[in-house]
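S.K.: Once you've had a glance at the structure underneath, I'll fire off some questions.
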Amino acid sequence: MQKDRRSVTVMDIDFVNRTQYQFLVEDIFPALQHKEKKFIVTANPEIVMKAQEDDAFKKVIYEADYTVPDGIGIILAAKLLETPLEERIAGFDLALDLLNYADEHGLSCYFLGAKEEVNEKAVKRVQADYPNIHIAGRHNGYFDIGDRDLAEEIAATAPDIVLVAAGFPKQEKWIAAYKDLFDHGVFMGVGGTFDILAGEAKRAPEIWVKLNLEWFYRLLQQPKVRFKRTLKLFGFMRDIIKNKKRYK
């Protein structure tokens with residue numbers, strides 16, 4: 001059977017093999033228009049490595065409708081495996097595109113995750129920058145993943161878009177556990193996106209992003225926090241190189 005050229009497999013994870021624009025126009029915007037339900041995972045090398053160690057988490061990723069390559073490590077790995085991806089699709093950029101679309105079409109969004117003050121600031125920023133978005137609701141990231149009552153409360157708001165900023169694997173596991181409670185909606189784990197929206201963190205300057213050095217910029221900004229993550233990136237690449245034949 002011929003392999004679907006719209007996806008590329010890296011360490012047993014199938015990644016969307018399209019440009020960000022194509023992905024949005026061909027899949028996500030139509031899903032929003034037709035009130036469908038879609039689960040997006042934005043996966044970097046850390047998430048892929050976690051999936052290799054945690055079968056339950058890998059199952060969650062397999063349940064997603066789309067896994068996009070968020071991280072230069074995924075792009076480099078795909079090249080090494082001689083199955084290059086079209087481009088990196090950064091979760092932050094994808095979240096902004098969803099907000100822009102929601103603003104243009106008067107859709108509703110729910111914001112789940114981050115510290116209370118960060119969540120509040122992020123939502124206020126969205127209200128100021130995207131005045132046509134209906135805020136379905138918000139809740140901080142201090143929730144138990146087994147709290148079904150909270151999930152039912154969120155589902156009752158009938159949001160078109162649910163952004164979950166609880167860090168992996170919690171954000172993805174929450175979506176997988178409760179998306180069936182919703183009639184429709186695009187669900188995506190967005191990591192530190194709320195922190196940037198709230199002004200609590202800065203994204204790398206455009207030149208760093210274009211040069212695929214955003215990871216290095218983050219390391220310089222938060223060396224203690226990012227050092228272990230950077231080691232995981234190099235460990236991921238080492239594993240790809242070492243086991244190239246097995247992964248192809």
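Here's how to read the names in the structure tokens: chain A, B, ... by the order shown, residue numbers from 1 in each chain, ligand numbers from 1 in the order shown.
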For Pro131 in chain A, list every protein, DNA or RNA residue within 10 Å, evaluated using only C-alpha atoms, and leave out those in the same chain fewer than 2 positions away; present the list as a list in words.

M.R.: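 With the cut-off at 10 Å, the set is Ala102, Asp103, Glu104, Gly106, Arg125, Val126, Gln127, Ala128, Asp129, Ile133, His134 and Ile135 of chain A.
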
S.K.: Would you return as a short mmCIF file (atom, residue, chain, number, x, y, z; two decimals) with C-alpha atoms, in the first residue's frame the members of range 5-247 of chain A that DSSP assigns to strand (DSSP E or B) on this structure's backbone?

M.R.:
```cif
data_model
loop_
_atom_site.label_atom_id
_atom_site.label_comp_id
_atom_site.auth_asym_id
_atom_site.auth_seq_id
_atom_site.Cartn_x
_atom_site.Cartn_y
_atom_site.Cartn_z
CA SER A 7 2.21 12.54 6.58
CA VAL A 8 5.76 11.64 7.59
CA THR A 9 6.58 9.15 10.35
CA VAL A 10 9.24 9.92 12.95
CA ILE A 13 4.51 9.23 15.22
CA ASP A 14 2.80 10.41 12.02
CA PHE A 15 3.33 14.13 11.39
CA VAL A 16 1.32 16.43 9.15
CA LYS A 37 -14.40 17.95 16.32
CA LYS A 38 -10.61 17.89 15.85
CA PHE A 39 -7.71 17.21 18.24
CA ILE A 40 -4.31 18.68 17.35
CA VAL A 41 -1.04 17.67 19.03
CA THR A 42 1.91 20.01 18.55
CA ALA A 43 4.84 17.66 19.03
CA TYR A 66 -3.35 15.64 13.64
CA THR A 67 0.19 15.80 15.01
CA VAL A 68 2.15 18.77 13.72
CA PRO A 69 5.96 19.14 13.74
CA SER A 108 -15.99 31.20 20.81
CA CYS A 109 -12.86 30.12 22.66
CA TYR A 110 -12.18 28.53 26.03
CA PHE A 111 -8.83 29.10 27.76
CA LEU A 112 -7.72 26.36 30.16
CA GLY A 113 -4.37 26.35 31.92
CA HIS A 134 -16.61 35.27 22.30
CA ILE A 135 -14.84 34.17 25.49
CA ALA A 136 -16.67 30.97 26.37
CA GLY A 137 -14.77 30.81 29.65
CA ARG A 138 -11.44 30.35 31.33
CA HIS A 139 -9.86 28.31 34.12
CA ILE A 161 -11.88 26.30 20.10
CA VAL A 162 -10.36 24.94 23.32
CA LEU A 163 -6.76 25.93 24.08
CA VAL A 164 -5.16 23.97 26.91
CA ALA A 165 -1.96 25.37 28.41
CA GLY A 185 -14.56 22.06 18.62
CA VAL A 186 -10.88 22.24 17.76
CA PHE A 187 -8.76 21.19 20.73
CA MET A 188 -5.04 21.91 21.06
CA GLY A 189 -2.43 21.82 23.81
#
```

S.K.: Let me make sure I understand: among A:Leu150, A:Ala122, A:Leu231, A:Leu107, which one has the smallest atom-to-atom distance to Gly199 in chain A if we use only C-alpha atoms?

M.R.: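 Looking only at the distances to Gly199 in chain A, the closest residue turns out to be A:Ala122.
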
S.K.: Quick one: everything within 7 Å of range 232-241 of chain A, counting only C-alpha atoms, minus sequence neighbours fewer than 4 positions away in the same chain. Send it as a ChimeraX atom specification.

M.R.: /A:45-46,49,73,77,228

S.K.: Measuring atom to atom with only C-alpha atoms, identify which of A:Val123, A:Ile74, A:Val60, A:Ala158 is nearest to Gln171 in chain A.

M.R.: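 Checking each candidate against Gln171 in chain A, we get A:Val60 as the closest.
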
S.K.: Find the spatial neighbours of Leu32 in chain A, counting only C-alpha atoms, within a cut-off of 7 Å - ignore same-chain residues fewer than 4 positions away - and output them as a PyMOL selection string.

M.R.: chain A and resi 28+36+160+185

S.K.: Would you mind telling me which residue in A:Met11, A:Gly71, A:Gly141, A:Gln33 lies nearest to Lys50 in chain A when using only C-alpha atoms?

M.R.: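 Distance minimum relative to Lys50 in chain A lands on A:Met11.
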
S.K.: Quick one: of A:Ala204, A:Ala95, A:Val190, A:Ala177, who's nearest to Asn44 in chain A, counting only C-alpha atoms?

M.R.: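 Closest candidate: A:Val190.
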
S.K.: Would you compute the distance between CA of Lys242 in chain A and CA of Asp54 in chain A? Give it in Å to one decimal.

M.R.: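 That distance, rounded to one decimal, is 21.0 Å.
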
S.K.: Have a look at A:Val118, A:Leu94, A:Ala176, A:Leu76 and name the one nearest to Ile145 in chain A; count only C-alpha atoms.

M.R.: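 Of all the options, A:Ala176 lies closest to Ile145 in chain A.
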